[in-house]
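data.cif (mmCIF, C-alpha atoms) appears below.
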```
data_final
loop_
_atom_site.group_PDB
_atom_site.id
_atom_site.type_symbol
_atom_site.label_atom_id
_atom_site.label_comp_id
_atom_site.auth_asym_id
_atom_site.auth_seq_id
_atom_site.Cartn_x
_atom_site.Cartn_y
_atom_site.Cartn_z
ATOM 1 C CA MET S 1 -27.718 5.678 25.789
ATOM 2 C CA ALA S 2 -27.045 8.853 23.779
ATOM 3 C CA ILE S 3 -26.195 11.982 25.697
ATOM 4 C CA GLU S 4 -27.571 15.424 24.892
ATOM 5 C CA ILE S 5 -24.877 17.642 23.398
ATOM 6 C CA GLU S 6 -25.048 21.342 22.627
ATOM 7 C CA ILE S 7 -22.373 22.813 20.357
ATOM 8 C CA ARG S 8 -21.787 26.522 20.855
ATOM 9 C CA GLU S 9 -19.106 29.169 20.533
ATOM 10 C CA ALA S 10 -16.851 29.318 23.575
ATOM 11 C CA ASP S 11 -16.438 32.480 25.578
ATOM 12 C CA ASP S 12 -13.809 33.579 28.096
ATOM 13 C CA VAL S 13 -15.495 31.864 31.049
ATOM 14 C CA ASP S 14 -15.130 28.517 29.232
ATOM 15 C CA THR S 15 -11.321 28.713 29.052
ATOM 16 C CA PRO S 16 -10.588 26.746 32.266
ATOM 17 C CA ALA S 17 -12.995 23.970 31.220
ATOM 18 C CA VAL S 18 -11.538 23.900 27.683
ATOM 19 C CA GLU S 19 -8.035 23.649 29.141
ATOM 20 C CA ALA S 20 -9.118 20.772 31.393
ATOM 21 C CA VAL S 21 -10.567 18.860 28.423
ATOM 22 C CA VAL S 22 -7.397 19.439 26.379
ATOM 23 C CA GLU S 23 -5.152 18.329 29.269
ATOM 24 C CA ALA S 24 -7.197 15.160 29.767
ATOM 25 C CA ALA S 25 -7.413 14.343 26.054
ATOM 26 C CA PHE S 26 -3.782 15.068 25.135
ATOM 27 C CA GLY S 27 -2.047 13.717 28.236
ATOM 28 C CA GLU S 28 1.610 14.748 28.335
ATOM 29 C CA GLN S 29 1.174 17.180 25.424
ATOM 30 C CA GLY S 30 -1.896 18.863 26.933
ATOM 31 C CA THR S 31 0.087 21.629 28.594
ATOM 32 C CA ALA S 32 1.893 22.498 25.347
ATOM 33 C CA VAL S 33 -1.387 22.517 23.401
ATOM 34 C CA ASN S 34 -2.952 24.809 26.006
ATOM 35 C CA ASP S 35 0.125 27.067 25.836
ATOM 36 C CA VAL S 36 -0.235 27.510 22.087
ATOM 37 C CA MET S 37 -3.970 28.168 22.434
ATOM 38 C CA ALA S 38 -3.335 30.827 25.110
ATOM 39 C CA ARG S 39 -0.742 32.514 22.921
ATOM 40 C CA LEU S 40 -3.034 32.419 19.884
ATOM 41 C CA ARG S 41 -5.780 34.048 21.951
ATOM 42 C CA GLY S 42 -3.294 36.642 23.190
ATOM 43 C CA VAL S 43 -2.281 37.829 19.713
ATOM 44 C CA ASP S 44 -5.776 37.559 18.203
ATOM 45 C CA ASP S 45 -4.790 34.631 15.978
ATOM 46 C CA MET S 46 -7.525 32.450 17.507
ATOM 47 C CA ALA S 47 -10.417 32.779 15.066
ATOM 48 C CA VAL S 48 -13.065 30.761 16.890
ATOM 49 C CA GLU S 49 -13.379 28.090 19.563
ATOM 50 C CA LEU S 50 -16.387 25.817 19.777
ATOM 51 C CA VAL S 51 -17.332 23.689 22.758
ATOM 52 C CA ALA S 52 -19.520 20.642 23.160
ATOM 53 C CA GLU S 53 -21.516 20.870 26.361
ATOM 54 C CA SER S 54 -23.477 18.151 28.156
ATOM 55 C CA ASP S 55 -25.541 18.971 31.246
ATOM 56 C CA GLY S 56 -23.685 22.266 31.639
ATOM 57 C CA GLU S 57 -20.249 20.596 31.448
ATOM 58 C CA VAL S 58 -17.760 21.219 28.631
ATOM 59 C CA VAL S 59 -16.880 17.763 27.275
ATOM 60 C CA GLY S 60 -15.250 18.670 23.964
ATOM 61 C CA THR S 61 -13.686 21.498 22.020
ATOM 62 C CA VAL S 62 -12.418 22.426 18.580
ATOM 63 C CA ALA S 63 -10.452 25.546 17.692
ATOM 64 C CA LEU S 64 -9.753 27.346 14.436
ATOM 65 C CA SER S 65 -6.792 29.689 14.277
ATOM 66 C CA ARG S 66 -5.508 31.986 11.573
ATOM 67 C CA ALA S 67 -2.744 30.980 9.154
ATOM 68 C CA TRP S 68 -1.794 31.659 5.532
ATOM 69 C CA LEU S 69 -1.449 29.875 2.249
ATOM 70 C CA ASP S 70 1.665 31.067 0.408
ATOM 71 C CA ALA S 71 0.091 31.019 -3.063
ATOM 72 C CA ARG S 72 1.912 32.292 -6.119
ATOM 73 C CA GLU S 73 -0.564 35.147 -6.629
ATOM 74 C CA ARG S 74 -0.613 36.338 -2.991
ATOM 75 C CA LEU S 75 -0.910 35.247 0.625
ATOM 76 C CA VAL S 76 -4.347 33.808 1.343
ATOM 77 C CA ASP S 77 -5.895 33.913 4.816
ATOM 78 C CA VAL S 78 -6.793 30.347 5.819
ATOM 79 C CA LEU S 79 -7.580 28.526 9.053
ATOM 80 C CA VAL S 80 -5.941 25.682 10.962
ATOM 81 C CA LEU S 81 -8.014 23.300 13.048
ATOM 82 C CA SER S 82 -6.247 22.472 16.301
ATOM 83 C CA PRO S 83 -7.039 21.079 18.700
ATOM 84 C CA LEU S 84 -9.989 18.759 18.472
ATOM 85 C CA ALA S 85 -10.353 17.324 21.945
ATOM 86 C CA VAL S 86 -12.982 15.285 23.764
ATOM 87 C CA ALA S 87 -12.847 14.410 27.462
ATOM 88 C CA PRO S 88 -11.710 10.758 27.754
ATOM 89 C CA ASP S 89 -14.890 9.642 29.543
ATOM 90 C CA HIS S 90 -16.969 11.033 26.640
ATOM 91 C CA GLN S 91 -14.894 9.708 23.741
ATOM 92 C CA ARG S 92 -16.342 7.316 21.163
ATOM 93 C CA ALA S 93 -19.786 8.887 21.555
ATOM 94 C CA GLY S 94 -19.680 10.912 18.329
ATOM 95 C CA ILE S 95 -18.810 14.227 20.002
ATOM 96 C CA GLY S 96 -15.670 14.749 17.915
ATOM 97 C CA GLY S 97 -17.694 14.166 14.769
ATOM 98 C CA ARG S 98 -20.352 16.606 15.927
ATOM 99 C CA LEU S 99 -17.703 19.260 16.545
ATOM 100 C CA LEU S 100 -16.132 18.604 13.120
ATOM 101 C CA ALA S 101 -19.556 18.944 11.494
ATOM 102 C CA GLU S 102 -19.757 22.528 12.797
ATOM 103 C CA VAL S 103 -16.357 23.547 11.364
ATOM 104 C CA PRO S 104 -17.402 24.243 7.739
ATOM 105 C CA ALA S 105 -20.141 26.717 8.732
ATOM 106 C CA ALA S 106 -17.887 28.452 11.262
ATOM 107 C CA ALA S 107 -15.054 28.712 8.725
ATOM 108 C CA GLU S 108 -17.389 29.935 5.970
ATOM 109 C CA GLU S 109 -18.711 32.619 8.319
ATOM 110 C CA LEU S 110 -15.117 33.767 8.821
ATOM 111 C CA GLY S 111 -14.617 33.894 5.036
ATOM 112 C CA ALA S 112 -11.949 31.185 4.901
ATOM 113 C CA PRO S 113 -11.501 29.305 1.613
ATOM 114 C CA LEU S 114 -9.537 26.449 3.253
ATOM 115 C CA VAL S 115 -9.122 24.800 6.642
ATOM 116 C CA PHE S 116 -6.038 22.675 7.349
ATOM 117 C CA LEU S 117 -5.151 20.228 10.099
ATOM 118 C CA GLU S 118 -2.536 17.684 11.116
ATOM 119 C CA GLY S 119 -4.298 14.427 11.874
ATOM 120 C CA ALA S 120 -5.203 10.830 11.173
ATOM 121 C CA PRO S 121 -6.315 10.549 7.527
ATOM 122 C CA GLY S 122 -8.718 7.692 8.234
ATOM 123 C CA TYR S 123 -10.616 9.565 10.929
ATOM 124 C CA TYR S 124 -10.757 12.960 9.240
ATOM 125 C CA GLY S 125 -11.391 11.435 5.809
ATOM 126 C CA ARG S 126 -14.671 10.030 7.158
ATOM 127 C CA HIS S 127 -15.641 13.632 7.982
ATOM 128 C CA GLY S 128 -14.972 15.161 4.547
ATOM 129 C CA TRP S 129 -11.280 16.058 4.825
ATOM 130 C CA SER S 130 -8.711 15.028 2.224
ATOM 131 C CA ALA S 131 -4.954 15.007 1.803
ATOM 132 C CA ALA S 132 -3.710 18.528 1.102
ATOM 133 C CA SER S 133 -1.266 17.170 -1.472
ATOM 134 C CA ALA S 134 -4.208 15.969 -3.601
ATOM 135 C CA HIS S 135 -5.069 19.660 -4.122
ATOM 136 C CA ASP S 136 -1.512 20.911 -4.801
ATOM 137 C CA LEU S 137 -1.277 22.197 -1.230
ATOM 138 C CA GLU S 138 1.963 21.706 0.669
ATOM 139 C CA ARG S 139 2.534 20.916 4.328
ATOM 140 C CA PRO S 140 4.426 23.537 6.344
ATOM 141 C CA SER S 141 7.047 21.046 7.521
ATOM 142 C CA ARG S 142 8.518 17.748 6.341
ATOM 143 C CA ARG S 143 7.948 16.560 9.916
ATOM 144 C CA ILE S 144 4.236 16.254 9.105
ATOM 145 C CA PRO S 145 3.688 12.966 7.285
ATOM 146 C CA GLU S 146 2.179 13.919 3.934
ATOM 147 C CA PRO S 147 -1.091 11.988 4.413
ATOM 148 C CA ALA S 148 -1.563 13.681 7.806
ATOM 149 C CA CYS S 149 -1.685 17.194 6.322
ATOM 150 C CA GLN S 150 -5.409 17.354 5.667
ATOM 151 C CA VAL S 151 -7.570 20.074 4.145
ATOM 152 C CA LEU S 152 -11.217 21.011 3.823
ATOM 153 C CA LEU S 153 -12.047 23.021 0.688
ATOM 154 C CA LEU S 154 -14.769 25.608 1.215
ATOM 155 C CA SER S 155 -16.901 27.668 -1.173
ATOM 156 C CA GLY S 156 -14.338 30.495 -1.323
ATOM 157 C CA HIS S 157 -11.601 28.199 -2.627
ATOM 158 C CA GLU S 158 -10.381 29.003 -6.131
ATOM 159 C CA PRO S 159 -8.131 26.857 -8.385
ATOM 160 C CA TRP S 160 -5.174 29.283 -8.137
ATOM 161 C CA MET S 161 -5.070 28.804 -4.358
ATOM 162 C CA THR S 162 -2.194 26.351 -4.248
ATOM 163 C CA GLY S 163 1.087 26.479 -2.356
ATOM 164 C CA ARG S 164 2.493 25.977 1.124
ATOM 165 C CA LEU S 165 0.617 26.347 4.400
ATOM 166 C CA VAL S 166 2.306 28.876 6.709
ATOM 167 C CA TYR S 167 1.651 28.568 10.431
ATOM 168 C CA PRO S 168 1.797 31.578 12.753
ATOM 169 C CA ASP S 169 5.037 31.998 14.692
ATOM 170 C CA VAL S 170 3.646 30.581 17.950
ATOM 171 C CA TRP S 171 3.447 27.035 16.543
ATOM 172 C CA TRP S 172 7.153 27.151 15.681
ATOM 173 C CA ARG S 173 8.226 28.818 18.952
ATOM 174 C CA LEU S 174 6.620 26.003 20.933
ATOM 175 C CA ASP S 175 7.883 23.329 18.485
ATOM 176 C CA LEU S 176 4.377 22.007 17.889
ATOM 177 C CA VAL S 177 4.593 21.614 14.108
ATOM 178 C CA GLY S 178 4.673 17.977 13.066
ATOM 179 C CA LEU S 179 6.399 15.200 14.942
ATOM 180 C CA ARG S 180 9.957 14.577 16.095
ATOM 181 C CA ASP S 181 11.778 11.253 16.129
ATOM 182 C CA PRO S 182 11.233 8.556 17.295
ATOM 183 C CA ASP S 183 7.472 9.140 16.777
ATOM 184 C CA LEU S 184 7.968 10.472 13.243
ATOM 185 C CA ALA S 185 10.149 7.500 12.246
ATOM 186 C CA GLU S 186 7.547 5.040 13.580
ATOM 187 C CA ILE S 187 4.733 6.671 11.623
ATOM 188 C CA GLU S 188 6.796 6.926 8.434
ATOM 189 C CA GLU S 189 7.703 3.243 8.781
ATOM 190 C CA ALA S 190 4.040 2.310 9.253
ATOM 191 C CA LEU S 191 3.065 4.398 6.213
ATOM 192 C CA GLY S 192 5.798 2.738 4.155
ATOM 193 C CA SER S 193 4.535 -0.712 5.001
ATOM 194 C CA ALA S 194 0.870 0.150 4.420
#
```
Just give me the structure of the file as structure tokens.
Amino acid sequence: MAIEIEIREADDVDTPAVEAVVEAAFGEQGTAVNDVMARLRGVDDMAVELVAESDGEVVGTVALSRAWLDARERLVDVLVLSPLAVAPDHQRAGIGGRLLAEVPAAAEELGAPLVFLEGAPGYYGRHGWSAASAHDLERPSRRIPEPACQVLLLSGHEPWMTGRLVYPDVWWRLDLVGLRDPDLAEIEEALGSA
């Protein structure tokens, strides 16, 4: 049975519910993800947060924060999608896909030419994302497996917009860019054997 879902922009009163969804969805890393989100909100680097609501309960969230593309011509304001989270008891019901479907319009409204993310290429590829490297766009760290640095090109994208993605300082301070060993080694090994 399909559940009714409303996607809307989050407001301050939604923060505790968003944090609960992130904690449940990300397990051990939930606290760190919530820390980065709180810091992004605190320095106005959080561009927009959307929530999926069912019967008045927040069951999913997606956030877009500000970042830059270090293009040859100049720095370009871009967005980074993180996190995408759905409460475990509501996963595999299409809520993540519904949230992703709202990202292009939200990003276009903010005037972004590109949206980046770190994520599973198979999942995000089904939703219109592609490897950043296919568009001459570079990952911000070698700790992000190249196929996992994904991008969504929007109407404001121009051919000269190539270069390296630059995350805001908070991602680096909390060491949330890419993966560390042994997880990174396992993924690189799996990619090598694929």
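What separates CA of Asp55 in chain S from CA of Gln91 in chain S is a distance of 16.0 Å.
This file gives the following result for the PyMOL selection byres ((chain S and resi 178-186) around 9): Glu118, Pro140, Ser141, Arg142, Arg143, Ile144, Pro145, Asp175, Leu176, Val177, Ile187, Glu188, Glu189, Ala190 and Leu191 of chain S.
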Within 12 Å of Gly122 in chain S, counting all atoms listed in the file, which residues qualify if same-chain residues fewer than 4 places away don't, as JSON, numbers by chain? {"S": [126, 127, 128, 129, 130, 131, 147, 148, 149, 150]}
Would you save the residues of that selection, restricted to C-alpha atoms, as a PDB file, in the frame of the given file?
```pdb
ATOM      1  CA  ARG S 126     -14.671  10.030   7.158  1.00  0.00           C
ATOM      2  CA  HIS S 127     -15.641  13.632   7.982  1.00  0.00           C
ATOM      3  CA  GLY S 128     -14.972  15.161   4.547  1.00  0.00           C
ATOM      4  CA  TRP S 129     -11.280  16.058   4.825  1.00  0.00           C
ATOM      5  CA  SER S 130      -8.711  15.028   2.224  1.00  0.00           C
ATOM      6  CA  ALA S 131      -4.954  15.007   1.803  1.00  0.00           C
ATOM      7  CA  PRO S 147      -1.091  11.988   4.413  1.00  0.00           C
ATOM      8  CA  ALA S 148      -1.563  13.681   7.806  1.00  0.00           C
ATOM      9  CA  CYS S 149      -1.685  17.194   6.322  1.00  0.00           C
ATOM     10  CA  GLN S 150      -5.409  17.354   5.667  1.00  0.00           C
TER      11      GLN S 150
END
```
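The shortest atom-to-atom distance to Met161 in chain S, with only C-alpha atoms taken into account, belongs to S:Leu69 out of S:Ala134, S:Ala120, S:Leu69, S:Ala38.
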Among S:Asp169, S:Glu138, S:Glu49, S:Glu9, Ala85 in chain S is approached most closely, using only C-alpha atoms, by S:Glu49
Distance CA of Glu73 in chain S-CA of Met46 in chain S, one decimal place? 25.3 Å
Output the residue selection produced by the PyMOL selection byres ((chain S and resi 67) around 12) on the file above, formatted as a PyMOL selection string. chain S and resi 40+44-47+64-66+68-70+75-82+112-117+140+164-171
Got a sec to resolve the PyMOL selection byres ((chain S and resi 99) around 12) on this structure and send the residues as a PyMOL selection string? chain S and resi 5-9+49-53+59-64+81-86+93-98+100-106+124+127
Grab the CA of Glu109 in chain S to CA of Glu158 in chain S distance for me, in Å with one decimal place. 17.1 Å
In terms of only C-alpha atoms, the residue from S:Val48, S:Val33, S:Ala107, S:Ala20 at minimal distance from His157 in chain S is S:Ala107
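Each of S:Ala10, S:Trp160, S:Ala32, S:Val21 was checked against His135 in chain S using all atoms listed in the file; the smallest atom-to-atom distance is that of S:Trp160.
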Can range 44-63 of chain S be brought up to N, CA and C atoms and written out as an mmCIF file, in the frame of the given file?
```cif
data_model
loop_
_atom_site.group_PDB
_atom_site.id
_atom_site.type_symbol
_atom_site.label_atom_id
_atom_site.label_comp_id
_atom_site.auth_asym_id
_atom_site.auth_seq_id
_atom_site.Cartn_x
_atom_site.Cartn_y
_atom_site.Cartn_z
ATOM 1 N N ASP S 44 -4.600 37.523 19.077
ATOM 2 C CA ASP S 44 -5.776 37.559 18.203
ATOM 3 C C ASP S 44 -5.652 36.672 16.980
ATOM 4 N N ASP S 45 -4.859 35.601 17.070
ATOM 5 C CA ASP S 45 -4.790 34.631 15.978
ATOM 6 C C ASP S 45 -5.791 33.490 16.161
ATOM 7 N N MET S 46 -6.474 33.444 17.310
ATOM 8 C CA MET S 46 -7.525 32.450 17.507
ATOM 9 C C MET S 46 -8.773 32.997 16.825
ATOM 10 N N ALA S 47 -9.258 32.301 15.824
ATOM 11 C CA ALA S 47 -10.417 32.779 15.066
ATOM 12 C C ALA S 47 -11.726 32.429 15.774
ATOM 13 N N VAL S 48 -11.850 31.184 16.194
ATOM 14 C CA VAL S 48 -13.065 30.761 16.890
ATOM 15 C C VAL S 48 -12.778 29.468 17.644
ATOM 16 N N GLU S 49 -13.415 29.331 18.797
ATOM 17 C CA GLU S 49 -13.379 28.090 19.563
ATOM 18 C C GLU S 49 -14.815 27.649 19.784
ATOM 19 N N LEU S 50 -15.069 26.386 19.519
ATOM 20 C CA LEU S 50 -16.387 25.817 19.777
ATOM 21 C C LEU S 50 -16.258 24.817 20.912
ATOM 22 N N VAL S 51 -17.317 24.694 21.700
ATOM 23 C CA VAL S 51 -17.332 23.689 22.758
ATOM 24 C C VAL S 51 -18.563 22.808 22.600
ATOM 25 N N ALA S 52 -18.404 21.571 23.040
ATOM 26 C CA ALA S 52 -19.520 20.642 23.160
ATOM 27 C C ALA S 52 -19.845 20.577 24.642
ATOM 28 N N GLU S 53 -21.097 20.809 24.963
ATOM 29 C CA GLU S 53 -21.516 20.870 26.361
ATOM 30 C C GLU S 53 -22.595 19.826 26.611
ATOM 31 N N SER S 54 -22.484 19.133 27.732
ATOM 32 C CA SER S 54 -23.477 18.151 28.156
ATOM 33 C C SER S 54 -23.818 18.428 29.612
ATOM 34 N N ASP S 55 -25.085 18.667 29.881
ATOM 35 C CA ASP S 55 -25.541 18.971 31.246
ATOM 36 C C ASP S 55 -24.710 20.081 31.890
ATOM 37 N N GLY S 56 -24.419 21.127 31.122
ATOM 38 C CA GLY S 56 -23.685 22.266 31.639
ATOM 39 C C GLY S 56 -22.190 22.069 31.766
ATOM 40 N N GLU S 57 -21.680 20.902 31.348
ATOM 41 C CA GLU S 57 -20.249 20.596 31.448
ATOM 42 C C GLU S 57 -19.631 20.573 30.055
ATOM 43 N N VAL S 58 -18.486 21.258 29.894
ATOM 44 C CA VAL S 58 -17.760 21.219 28.631
ATOM 45 C C VAL S 58 -17.082 19.862 28.520
ATOM 46 N N VAL S 59 -17.429 19.112 27.458
ATOM 47 C CA VAL S 59 -16.880 17.763 27.275
ATOM 48 C C VAL S 59 -16.062 17.633 25.992
ATOM 49 N N GLY S 60 -16.029 18.704 25.196
ATOM 50 C CA GLY S 60 -15.250 18.670 23.964
ATOM 51 C C GLY S 60 -15.014 20.071 23.451
ATOM 52 N N THR S 61 -14.009 20.193 22.596
ATOM 53 C CA THR S 61 -13.686 21.498 22.020
ATOM 54 C C THR S 61 -13.005 21.329 20.670
ATOM 55 N N VAL S 62 -13.158 22.330 19.831
ATOM 56 C CA VAL S 62 -12.418 22.426 18.580
ATOM 57 C C VAL S 62 -12.093 23.898 18.385
ATOM 58 N N ALA S 63 -10.885 24.167 17.900
ATOM 59 C CA ALA S 63 -10.452 25.546 17.692
ATOM 60 C C ALA S 63 -9.978 25.745 16.262
#
```
